[in-house]
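Source file: structure.pdb. Holds: PDB, C-alpha atoms.
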```
ATOM      1  CA  MET A   7      17.309   2.088 -15.795
ATOM      2  CA  VAL A   8      16.771  -0.149 -12.757
ATOM      3  CA  LEU A   9      15.116  -3.510 -13.326
ATOM      4  CA  ALA A  10      13.043  -5.059 -10.551
ATOM      5  CA  SER A  11      14.170  -8.512  -9.532
ATOM      6  CA  PRO A  12      11.499 -11.239  -9.302
ATOM      7  CA  ALA A  13      13.111 -12.288  -6.013
ATOM      8  CA  LEU A  14      11.853  -9.077  -4.437
ATOM      9  CA  GLY A  15       8.271 -10.259  -4.896
ATOM     10  CA  LYS A  16       5.179  -8.163  -5.293
ATOM     11  CA  ALA A  17       4.275  -5.354  -2.912
ATOM     12  CA  ARG A  18       1.751  -6.416  -0.282
ATOM     13  CA  PRO A  19      -1.682  -4.809  -0.516
ATOM     14  CA  GLY A  20      -2.517  -2.115   1.990
ATOM     15  CA  LEU A  21      -5.053  -2.530   4.785
ATOM     16  CA  PRO A  22      -8.660  -1.374   4.346
ATOM     17  CA  ASP A  23      -9.782   1.798   6.089
ATOM     18  CA  GLU A  24     -12.164  -0.121   8.361
ATOM     19  CA  LEU A  25     -11.775  -3.297  10.411
ATOM     20  CA  VAL A  26     -15.058  -5.043  11.226
ATOM     21  CA  LEU A  27     -15.046  -7.505  14.137
ATOM     22  CA  SER A  28     -17.586  -9.944  15.527
ATOM     23  CA  GLY A  29     -17.746 -13.016  17.751
ATOM     24  CA  SER A  30     -14.602 -13.238  19.904
ATOM     25  CA  ASN A  31     -13.077 -10.125  18.240
ATOM     26  CA  ILE A  32      -9.720 -11.820  17.592
ATOM     27  CA  ILE A  33      -7.211 -10.746  14.927
ATOM     28  CA  ASP A  34      -4.084 -12.434  13.511
ATOM     29  CA  VAL A  35      -0.773 -10.571  13.730
ATOM     30  CA  THR A  36       2.918 -11.339  13.735
ATOM     31  CA  ILE A  37       5.401  -9.952  16.256
ATOM     32  CA  ASN A  38       9.072 -10.331  15.357
ATOM     33  CA  GLY A  39       7.917 -12.725  12.647
ATOM     34  CA  GLN A  40       6.007 -14.998  15.050
ATOM     35  CA  PRO A  41       2.257 -15.508  14.378
ATOM     36  CA  LEU A  42       0.001 -14.480  17.268
ATOM     37  CA  ARG A  43      -3.685 -13.887  17.940
ATOM     38  CA  LEU A  44      -4.817 -10.764  19.811
ATOM     39  CA  GLU A  45      -8.188 -10.076  21.411
ATOM     40  CA  VAL A  46      -9.413  -6.575  20.501
ATOM     41  CA  ARG A  47     -11.024  -5.074  23.606
ATOM     42  CA  PRO A  48     -12.463  -1.532  23.753
ATOM     43  CA  GLU A  49     -11.322  -1.008  27.362
ATOM     44  CA  ALA A  50      -7.834  -2.513  26.914
ATOM     45  CA  ALA A  51      -4.568  -0.604  27.180
ATOM     46  CA  GLU A  52      -3.794   1.148  23.914
ATOM     47  CA  ALA A  53      -0.573  -0.779  23.225
ATOM     48  CA  PRO A  54      -0.687  -4.545  22.580
ATOM     49  CA  THR A  55      -0.388  -6.349  25.928
ATOM     50  CA  LEU A  56       0.837  -9.941  25.712
ATOM     51  CA  ASN A  57       0.252 -12.794  28.134
ATOM     52  CA  ALA A  58       3.197 -13.665  30.366
ATOM     53  CA  ASP A  59       3.878 -17.034  28.723
ATOM     54  CA  VAL A  60       3.746 -15.527  25.221
ATOM     55  CA  ALA A  61       6.293 -12.834  26.091
ATOM     56  CA  ALA A  62       8.579 -15.513  27.559
ATOM     57  CA  LYS A  63       8.210 -17.663  24.433
ATOM     58  CA  LEU A  64       9.152 -14.692  22.227
ATOM     59  CA  GLY A  65      12.103 -13.886  24.492
ATOM     60  CA  LEU A  66      11.088 -10.244  24.915
ATOM     61  CA  LYS A  67      13.565  -8.141  26.870
ATOM     62  CA  PRO A  68      12.438  -5.195  29.046
ATOM     63  CA  GLY A  69      13.000  -1.709  27.668
ATOM     64  CA  MET A  70      13.099   1.662  29.409
ATOM     65  CA  ILE A  71       9.375   1.820  30.275
ATOM     66  CA  ALA A  72       7.998  -0.486  32.964
ATOM     67  CA  PHE A  73       4.698  -0.161  34.812
ATOM     68  CA  ARG A  74       2.635  -1.538  37.652
ATOM     69  CA  SER A  75      -1.151  -1.900  37.627
ATOM     70  CA  MET A  76      -3.387  -2.550  40.605
ATOM     71  CA  VAL A  77      -6.574  -4.608  40.636
ATOM     72  CA  GLY A  78      -7.717  -4.041  44.198
ATOM     73  CA  PRO A  79      -4.834  -5.256  46.396
ATOM     74  CA  GLU A  80      -3.365  -7.387  43.582
ATOM     75  CA  LYS A  81      -0.236  -6.031  41.880
ATOM     76  CA  ILE A  82       0.444  -6.655  38.196
ATOM     77  CA  ASN A  83       4.000  -5.925  37.089
ATOM     78  CA  GLY A  84       4.657  -5.080  33.471
ATOM     79  CA  ASN A  85       7.413  -4.195  31.042
ATOM     80  CA  SER A  86       7.590  -2.924  27.501
ATOM     81  CA  SER A  87       9.896  -2.545  24.520
ATOM     82  CA  VAL A  88       9.655  -1.805  20.809
ATOM     83  CA  HIS A  89       9.275  -4.703  18.371
ATOM     84  CA  ARG A  90       8.317  -5.459  14.768
ATOM     85  CA  VAL A  91       4.559  -5.877  14.352
ATOM     86  CA  ASP A  92       2.705  -6.857  11.182
ATOM     87  CA  TYR A  93      -1.086  -6.538  10.898
ATOM     88  CA  GLY A  94      -1.106  -7.763   7.309
ATOM     89  CA  ALA A  95       0.461  -4.940   5.301
ATOM     90  CA  GLY A  96       4.117  -5.138   6.303
ATOM     91  CA  GLU A  97       6.134  -4.780   9.502
ATOM     92  CA  LYS A  98       6.267  -1.599  11.529
ATOM     93  CA  LYS A  99       7.885  -0.905  14.860
ATOM     94  CA  GLN A 100       5.505  -0.604  17.794
ATOM     95  CA  ARG A 101       5.776  -0.628  21.570
ATOM     96  CA  ILE A 102       4.628  -3.917  23.088
ATOM     97  CA  PHE A 103       3.560  -4.372  26.717
ATOM     98  CA  TRP A 104       3.508  -7.591  28.703
ATOM     99  CA  THR A 105       2.813  -8.471  32.324
ATOM    100  CA  ASP A 106       3.331 -11.300  34.789
ATOM    101  CA  ARG A 107      -0.355 -12.258  34.338
ATOM    102  CA  GLN A 108      -2.559 -13.399  31.469
ATOM    103  CA  SER A 109      -4.239 -10.414  29.808
ATOM    104  CA  SER A 110      -6.488 -12.673  27.681
ATOM    105  CA  THR A 111      -7.919 -16.133  28.284
ATOM    106  CA  ILE A 112      -8.881 -16.682  24.619
ATOM    107  CA  ALA A 113      -5.883 -15.234  22.759
ATOM    108  CA  ASP A 114      -2.165 -14.432  23.124
ATOM    109  CA  GLY A 115      -2.887 -10.958  24.434
ATOM    110  CA  THR A 116      -5.131  -7.921  24.153
ATOM    111  CA  ILE A 117      -5.111  -4.764  22.076
ATOM    112  CA  SER A 118      -7.162  -1.568  21.949
ATOM    113  CA  PRO A 119      -8.938  -0.356  18.797
ATOM    114  CA  ALA A 120      -6.784   2.779  19.069
ATOM    115  CA  SER A 121      -3.592   0.741  18.639
ATOM    116  CA  LEU A 122      -4.651  -0.801  15.331
ATOM    117  CA  PRO A 123      -3.561   0.647  11.948
ATOM    118  CA  TYR A 124      -7.114   1.329  10.755
ATOM    119  CA  LYS A 125      -9.014   4.587  10.433
ATOM    120  CA  LYS A 126     -12.109   2.912  11.868
ATOM    121  CA  VAL A 127     -12.773  -0.201  13.989
ATOM    122  CA  THR A 128     -16.339  -1.533  14.240
ATOM    123  CA  PHE A 129     -17.625  -4.233  16.583
ATOM    124  CA  ARG A 130     -20.718  -6.019  15.221
ATOM    125  CA  LEU A 131     -23.036  -6.679  18.163
ATOM    126  CA  GLY A 132     -26.304  -7.786  16.562
ATOM    127  CA  GLU A 133     -28.787  -7.335  13.748
ATOM    128  CA  VAL A 134     -29.610  -3.841  12.526
ATOM    129  CA  SER A 135     -33.150  -2.811  13.419
ATOM    130  CA  ALA A 136     -35.256  -0.521  11.265
ATOM    131  CA  ALA A 137     -35.750   1.612  14.370
ATOM    132  CA  ALA A 138     -31.997   1.888  15.051
ATOM    133  CA  ARG A 139     -30.596   5.337  15.777
ATOM    134  CA  GLU A 140     -27.021   6.628  15.654
ATOM    135  CA  ILE A 141     -25.308   7.979  18.772
ATOM    136  CA  SER A 142     -22.064   9.889  18.172
ATOM    137  CA  LEU A 143     -19.731  10.837  21.034
ATOM    138  CA  PRO A 144     -16.253  12.417  21.133
ATOM    139  CA  LEU A 145     -13.443   9.845  21.340
ATOM    140  CA  ASP A 146     -10.797  10.349  24.045
ATOM    141  CA  ASN A 147      -7.563   8.566  25.001
ATOM    142  CA  PHE A 148      -7.074   7.995  28.721
ATOM    143  CA  GLY A 149      -3.884   7.710  30.745
ATOM    144  CA  PHE A 150      -0.161   7.830  29.993
ATOM    145  CA  LEU A 151       0.635   6.012  26.726
ATOM    146  CA  GLY A 152      -3.028   5.040  26.543
ATOM    147  CA  ARG A 153      -2.634   2.681  29.491
ATOM    148  CA  LEU A 154      -6.255   3.341  30.481
ATOM    149  CA  GLY A 155      -7.675   2.762  27.014
ATOM    150  CA  VAL A 156     -10.102   4.827  24.957
ATOM    151  CA  GLY A 157     -13.674   5.957  25.453
ATOM    152  CA  THR A 158     -15.628   9.162  25.824
ATOM    153  CA  THR A 159     -15.783  11.828  28.530
ATOM    154  CA  LEU A 160     -19.201  12.701  29.934
ATOM    155  CA  SER A 161     -19.931  16.038  31.573
ATOM    156  CA  LEU A 162     -22.231  15.186  34.476
ATOM    157  CA  GLY A 163     -22.956  18.178  36.662
ATOM    158  CA  ASP A 164     -19.621  19.763  37.487
ATOM    159  CA  GLU A 165     -17.654  16.554  36.942
ATOM    160  CA  LYS A 166     -15.941  14.854  34.027
ATOM    161  CA  VAL A 167     -16.582  11.108  33.993
ATOM    162  CA  ARG A 168     -14.629   8.700  31.796
ATOM    163  CA  PHE A 169     -17.019   6.308  30.060
ATOM    164  CA  GLN A 170     -15.786   3.146  28.353
ATOM    165  CA  PHE A 171     -17.220  -0.105  27.013
ATOM    166  CA  SER A 172     -16.346  -3.731  27.689
ATOM    167  CA  LEU A 173     -17.496  -6.631  25.526
ATOM    168  CA  ALA A 174     -15.890  -9.164  27.860
ATOM    169  CA  ARG A 175     -18.592  -8.964  30.550
ATOM    170  CA  ASP A 176     -22.277  -8.210  30.985
ATOM    171  CA  GLU A 177     -21.927  -5.995  34.059
ATOM    172  CA  THR A 178     -21.192  -2.290  34.138
ATOM    173  CA  LEU A 179     -18.365  -1.691  36.641
ATOM    174  CA  VAL A 180     -17.482   1.390  38.690
ATOM    175  CA  SER A 181     -14.992   1.958  41.512
ATOM    176  CA  ALA A 182     -15.949   2.829  45.099
ATOM    177  CA  PRO A 183     -15.304   6.600  44.621
ATOM    178  CA  THR A 184     -17.434   6.582  41.474
ATOM    179  CA  GLY A 185     -20.107   4.632  43.372
ATOM    180  CA  ASN A 186     -20.061   7.263  46.116
ATOM    181  CA  TRP A 187     -20.428  10.010  43.523
ATOM    182  CA  LEU A 188     -23.337   8.183  41.854
ATOM    183  CA  ALA A 189     -24.972   7.741  45.245
ATOM    184  CA  GLN A 190     -24.675  11.421  46.063
ATOM    185  CA  TYR A 191     -25.555  12.967  42.708
ATOM    186  CA  ARG A 192     -27.638  10.266  40.964
ATOM    187  CA  GLY A 193     -29.505   8.804  43.929
ATOM    188  CA  GLY A 194     -27.713   5.462  43.680
ATOM    189  CA  LYS A 195     -28.429   2.775  46.280
ATOM    190  CA  PHE A 196     -27.283  -0.809  46.622
ATOM    191  CA  SER A 197     -29.933  -3.118  45.197
ATOM    192  CA  GLY A 198     -28.019  -6.411  45.050
ATOM    193  CA  GLN A 199     -26.028  -8.670  47.327
ATOM    194  CA  PRO A 200     -22.195  -8.812  47.412
ATOM    195  CA  ARG A 201     -20.613 -11.177  44.913
ATOM    196  CA  GLN A 202     -17.296 -11.877  43.212
ATOM    197  CA  THR A 203     -16.811 -10.420  39.724
ATOM    198  CA  LEU A 204     -13.988 -11.069  37.266
ATOM    199  CA  ILE A 205     -12.213  -7.757  36.665
ATOM    200  CA  PHE A 206      -9.069  -8.324  34.590
ATOM    201  CA  TYR A 207      -5.924 -10.497  34.536
ATOM    202  CA  GLY A 208      -7.979 -13.359  35.983
ATOM    203  CA  ILE A 209      -8.556 -11.445  39.227
ATOM    204  CA  GLN A 210     -11.942 -11.425  40.932
ATOM    205  CA  ARG A 211     -13.033  -8.660  43.283
ATOM    206  CA  PRO A 212     -16.133  -8.114  45.448
ATOM    207  CA  THR A 213     -18.867  -6.033  43.815
ATOM    208  CA  ARG A 214     -22.436  -5.072  44.604
ATOM    209  CA  GLU A 215     -25.142  -3.880  42.230
ATOM    210  CA  MET A 216     -26.333  -0.277  42.524
ATOM    211  CA  THR A 217     -29.538   1.145  41.027
ATOM    212  CA  LEU A 218     -29.657   4.830  40.083
ATOM    213  CA  ALA A 219     -32.677   6.990  40.822
ATOM    214  CA  GLU A 220     -31.482   9.314  38.049
ATOM    215  CA  PRO A 221     -30.098   7.242  35.134
ATOM    216  CA  ILE A 222     -27.192   8.399  32.982
ATOM    217  CA  ALA A 223     -28.181   8.988  29.357
ATOM    218  CA  LEU A 224     -26.127   8.316  26.242
ATOM    219  CA  GLY A 225     -28.470   9.389  23.505
ATOM    220  CA  GLN A 226     -31.558   7.225  23.955
ATOM    221  CA  ARG A 227     -29.643   4.677  26.045
ATOM    222  CA  GLN A 228     -30.130   4.808  29.818
ATOM    223  CA  LEU A 229     -27.619   3.464  32.341
ATOM    224  CA  VAL A 230     -29.767   2.396  35.298
ATOM    225  CA  THR A 231     -27.575  -0.096  37.184
ATOM    226  CA  ALA A 232     -23.863  -0.564  37.828
ATOM    227  CA  ASP A 233     -21.769  -2.960  39.895
ATOM    228  CA  VAL A 234     -19.672  -1.071  42.460
ATOM    229  CA  ARG A 235     -16.233  -2.390  43.402
ATOM    230  CA  TYR A 236     -17.026  -1.333  46.929
ATOM    231  CA  SER A 237     -13.690  -2.218  48.560
ATOM    232  CA  ASP A 238     -11.317  -0.982  45.821
ATOM    233  CA  TYR A 239      -9.761   2.492  45.567
ATOM    234  CA  GLY A 240     -11.894   4.001  48.274
ATOM    235  CA  ASP A 241     -14.660   3.352  50.760
ATOM    236  CA  ALA A 242     -18.254   2.749  49.679
ATOM    237  CA  SER A 243     -19.545   1.986  53.158
ATOM    238  CA  GLY A 244     -21.634   5.144  53.068
ATOM    239  CA  ILE A 245     -23.826   3.980  50.180
ATOM    240  CA  ALA A 246     -27.301   3.059  51.394
ATOM    241  CA  ALA A 247     -29.132  -0.128  50.514
ATOM    242  CA  ALA A 248     -32.394   0.307  48.633
ATOM    243  CA  ASP A 249     -34.149  -2.222  50.867
ATOM    244  CA  ALA A 250     -32.760  -0.992  54.187
ATOM    245  CA  ALA A 251     -35.457  -1.255  56.855
ATOM    246  CA  ALA A 252     -34.615   2.127  58.336
ATOM    247  CA  ALA A 253     -34.088   3.908  55.050
ATOM    248  CA  ASP A 254     -35.286   7.504  54.971
ATOM    249  CA  SER A 255     -35.994   9.572  51.865
ATOM    250  CA  ASP A 256     -33.641  12.290  53.126
ATOM    251  CA  GLU A 257     -30.881   9.891  54.146
ATOM    252  CA  ILE A 258     -27.325  11.027  53.467
ATOM    253  CA  VAL A 259     -25.703   8.131  51.647
ATOM    254  CA  VAL A 260     -22.090   9.336  51.352
ATOM    255  CA  VAL A 261     -19.503   9.691  54.101
ATOM    256  CA  GLY A 262     -17.529  12.904  53.622
ATOM    257  CA  ASP A 263     -16.910  14.859  50.425
ATOM    258  CA  LYS A 264     -15.459  13.383  47.268
ATOM    259  CA  LYS A 265     -11.874  14.517  46.820
ATOM    260  CA  LYS A 266     -11.340  16.724  43.800
ATOM    261  CA  ASP A 267      -8.614  14.480  42.355
ATOM    262  CA  VAL A 268     -10.681  11.277  42.410
ATOM    263  CA  ASP A 269     -10.862   9.676  38.985
ATOM    264  CA  LEU A 270     -14.461   8.933  37.991
ATOM    265  CA  ARG A 271     -14.766   6.025  35.566
ATOM    266  CA  ILE A 272     -17.638   3.865  34.282
ATOM    267  CA  VAL A 273     -17.031   0.750  32.159
ATOM    268  CA  ALA A 274     -20.339  -0.302  30.582
ATOM    269  CA  GLY A 275     -20.809  -3.980  29.729
ATOM    270  CA  ARG A 276     -22.876  -5.927  27.218
ATOM    271  CA  ALA A 277     -26.090  -5.559  29.211
ATOM    272  CA  PHE A 278     -26.003  -1.808  28.539
ATOM    273  CA  LEU A 279     -25.401  -2.516  24.832
ATOM    274  CA  LYS A 280     -28.278  -4.990  24.510
ATOM    275  CA  GLY A 281     -30.251  -4.153  21.373
ATOM    276  CA  CYS A 282     -27.324  -2.303  19.756
ATOM    277  CA  ALA A 283     -26.149  -3.379  16.308
ATOM    278  CA  SER A 284     -22.640  -1.921  16.372
ATOM    279  CA  LEU A 285     -19.988  -0.033  18.317
ATOM    280  CA  THR A 286     -17.576   2.021  16.184
ATOM    281  CA  TYR A 287     -14.288   3.741  17.025
ATOM    282  CA  ASP A 288     -13.463   6.282  14.308
ATOM    283  CA  MET A 289      -9.814   7.261  14.795
ATOM    284  CA  GLN A 290      -9.791   9.786  11.978
ATOM    285  CA  LYS A 291     -12.910  11.704  12.962
ATOM    286  CA  ARG A 292     -12.217  11.086  16.671
ATOM    287  CA  THR A 293     -15.740   9.844  17.369
ATOM    288  CA  LEU A 294     -17.243   6.891  19.199
ATOM    289  CA  GLY A 295     -20.445   5.695  17.560
ATOM    290  CA  LEU A 296     -23.292   3.466  18.696
ATOM    291  CA  ARG A 297     -26.066   2.174  16.471
ATOM    292  CA  CYS A 298     -28.955   1.087  18.677
TER     293      CYS A 298
END
```

Represent the structure of the file as structure tokens.
Amino acid sequence: MVLASPALGKARPGLPDELVLSGSNIIDVTINGQPLRLEVRPEAAEAPTLNADVAAKLGLKPGMIAFRSMVGPEKINGNSSVHRVDYGAGEKKQRIFWTDRQSSTIADGTISPASLPYKKVTFRLGEVSAAAREISLPLDNFGFLGRLGVGTTLSLGDEKVRFQFSLARDETLVSAPTGNWLAQYRGGKFSGQPRQTLIFYGIQRPTREMTLAEPIALGQRQLVTADVRYSDYGDASGIAAADAAAADSDEIVVVGDKKKDVDLRIVAGRAFLKGCASLTYDMQKRTLGLRC
């Protein structure tokens, strides 16, 4: 017979199946026994990504996997290694990323819903309307080690387009190649003036609003406008302006053909989600759900 010692303490309760977030979407965790706060972002890299100063404070040492991200011409250098992480039900080993920039301005770092130890993660966006309808989409992981986050893949014509959500901004962002594709196949034209938009890691890049003649549908939701990062990852100089004096209805608005290996990606912001009550990532059923 083996008697339990009181010094061992009671077993900690397990985590619920679902995590429900609202407001700033921040959770409390510990890494290597140190308490931290992480901002849960739908478009974030799958692994926890700590701010530079937090990684230095924890004394994290680089492991075998390093990476480099690009935000326009800006380079972000990152490292990773495996550490002890506790979400409230006991420590487990998990790979942690960190960079030489700040990944979050309101917390110690960012984390994707897919990296959390829950079967389902729900973001509360607003009140539930009696007229609300459910939209269910397949959930996909993007990039090596989830570095490009999670979302859904849309089949638009002959192309596969990665579609993700961001709760950190109002705008819907697309790259120049995606803007060119939208111009050619969805009748997109520039309808706004150039401006600076915060992308990630505190970096701002020039963008310009585009309006689509043929919106993109997600259930009953319609994506009508998007901000094109017109000088990043390609050339959007061939996209016409909607108010151009010499505009012609048969005008060709794209220079050259889109290369087959161009990655098409749309990151929809809060403006697209206006009127929605919730955004749910179901890791077990592998679905992405909207209630709008």

| query | Leaving out Val156 in chain A and any residue of its chain fewer than 5 positions from it, which residues lie within 10 Å of it when counting all atoms listed in the file, given as a list in words? | reply |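 What passes the distance filter is Pro48, Glu49, Ala50, Ala51, Glu52, Ser118, Pro119, Ala120, Ser121, Leu145, Asp146, Asn147, Phe148, Gly149, Arg168, Phe169, Gln170, Phe171, Tyr287 and Leu294 of chain A.
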
Arg90 in chain A surroundings by only C-alpha atoms, 9 Å radius, close-in-sequence under 2 positions cut, as a PyMOL selection string = chain A and resi 36-39+88+92+97-101

Can you translate the PyMOL selection byres ((chain A and resi 214-230) around 7) into the concrete residues it hits in this file, as an mmCIF file with C-alpha atoms, keeping the file's coordinate frame?
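Ended up saving to selection.cif:
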```cif
data_model
loop_
_atom_site.group_PDB
_atom_site.id
_atom_site.type_symbol
_atom_site.label_atom_id
_atom_site.label_comp_id
_atom_site.auth_asym_id
_atom_site.auth_seq_id
_atom_site.Cartn_x
_atom_site.Cartn_y
_atom_site.Cartn_z
ATOM 1 C CA ILE A 141 -25.308 7.979 18.772
ATOM 2 C CA ARG A 192 -27.638 10.266 40.964
ATOM 3 C CA GLY A 193 -29.505 8.804 43.929
ATOM 4 C CA GLY A 194 -27.713 5.462 43.680
ATOM 5 C CA LYS A 195 -28.429 2.775 46.280
ATOM 6 C CA PHE A 196 -27.283 -0.809 46.622
ATOM 7 C CA SER A 197 -29.933 -3.118 45.197
ATOM 8 C CA GLY A 198 -28.019 -6.411 45.050
ATOM 9 C CA GLN A 199 -26.028 -8.670 47.327
ATOM 10 C CA PRO A 200 -22.195 -8.812 47.412
ATOM 11 C CA ARG A 201 -20.613 -11.177 44.913
ATOM 12 C CA THR A 213 -18.867 -6.033 43.815
ATOM 13 C CA THR A 231 -27.575 -0.096 37.184
ATOM 14 C CA ALA A 232 -23.863 -0.564 37.828
ATOM 15 C CA ASP A 233 -21.769 -2.960 39.895
ATOM 16 C CA VAL A 234 -19.672 -1.071 42.460
ATOM 17 C CA ARG A 235 -16.233 -2.390 43.402
ATOM 18 C CA TYR A 236 -17.026 -1.333 46.929
ATOM 19 C CA PHE A 278 -26.003 -1.808 28.539
#
```

- Given the file above and the PyMOL selection byres ((chain A and resi 139) around 10), which residues are selected, and can you give them as an MDAnalysis selection string? chainID A and resid 134:138 140:142 225:226 282:283 296:298

Selected by the PyMOL selection byres ((chain A and resi 110) around 10) in the shown coordinates: which residues, as a ChimeraX atom specification? /A:44-47,55-57,107-109,111-117,206-208

* What does the distance between CA of Lys67 in chain A and CA of Asn83 in chain A come to in Å, to one decimal place? ->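 Result for CA of Lys67 in chain A versus CA of Asn83 in chain A: 14.2 Å, one decimal.
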
Expected axis-aligned box over every listed atom of range 33-51 of chain A, 4 Å added per side, centre plus edges in Å to one decimal, as JSON:
```
{"center_x": -1.7, "center_y": -8.1, "center_z": 20.0, "size_x": 29.5, "size_y": 22.9, "size_z": 22.7}
```

**Request:** May I have the residues within 12 Å of Gly163 in chain A as a list in words, using all atoms listed in the file and disregarding those fewer than 3 positions away in the same chain?
**Result:**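 Answer for this query is Leu160, Lys166, Val167, Trp187, Leu188, Gln190, Tyr191, Arg192 and Ile222 of chain A.
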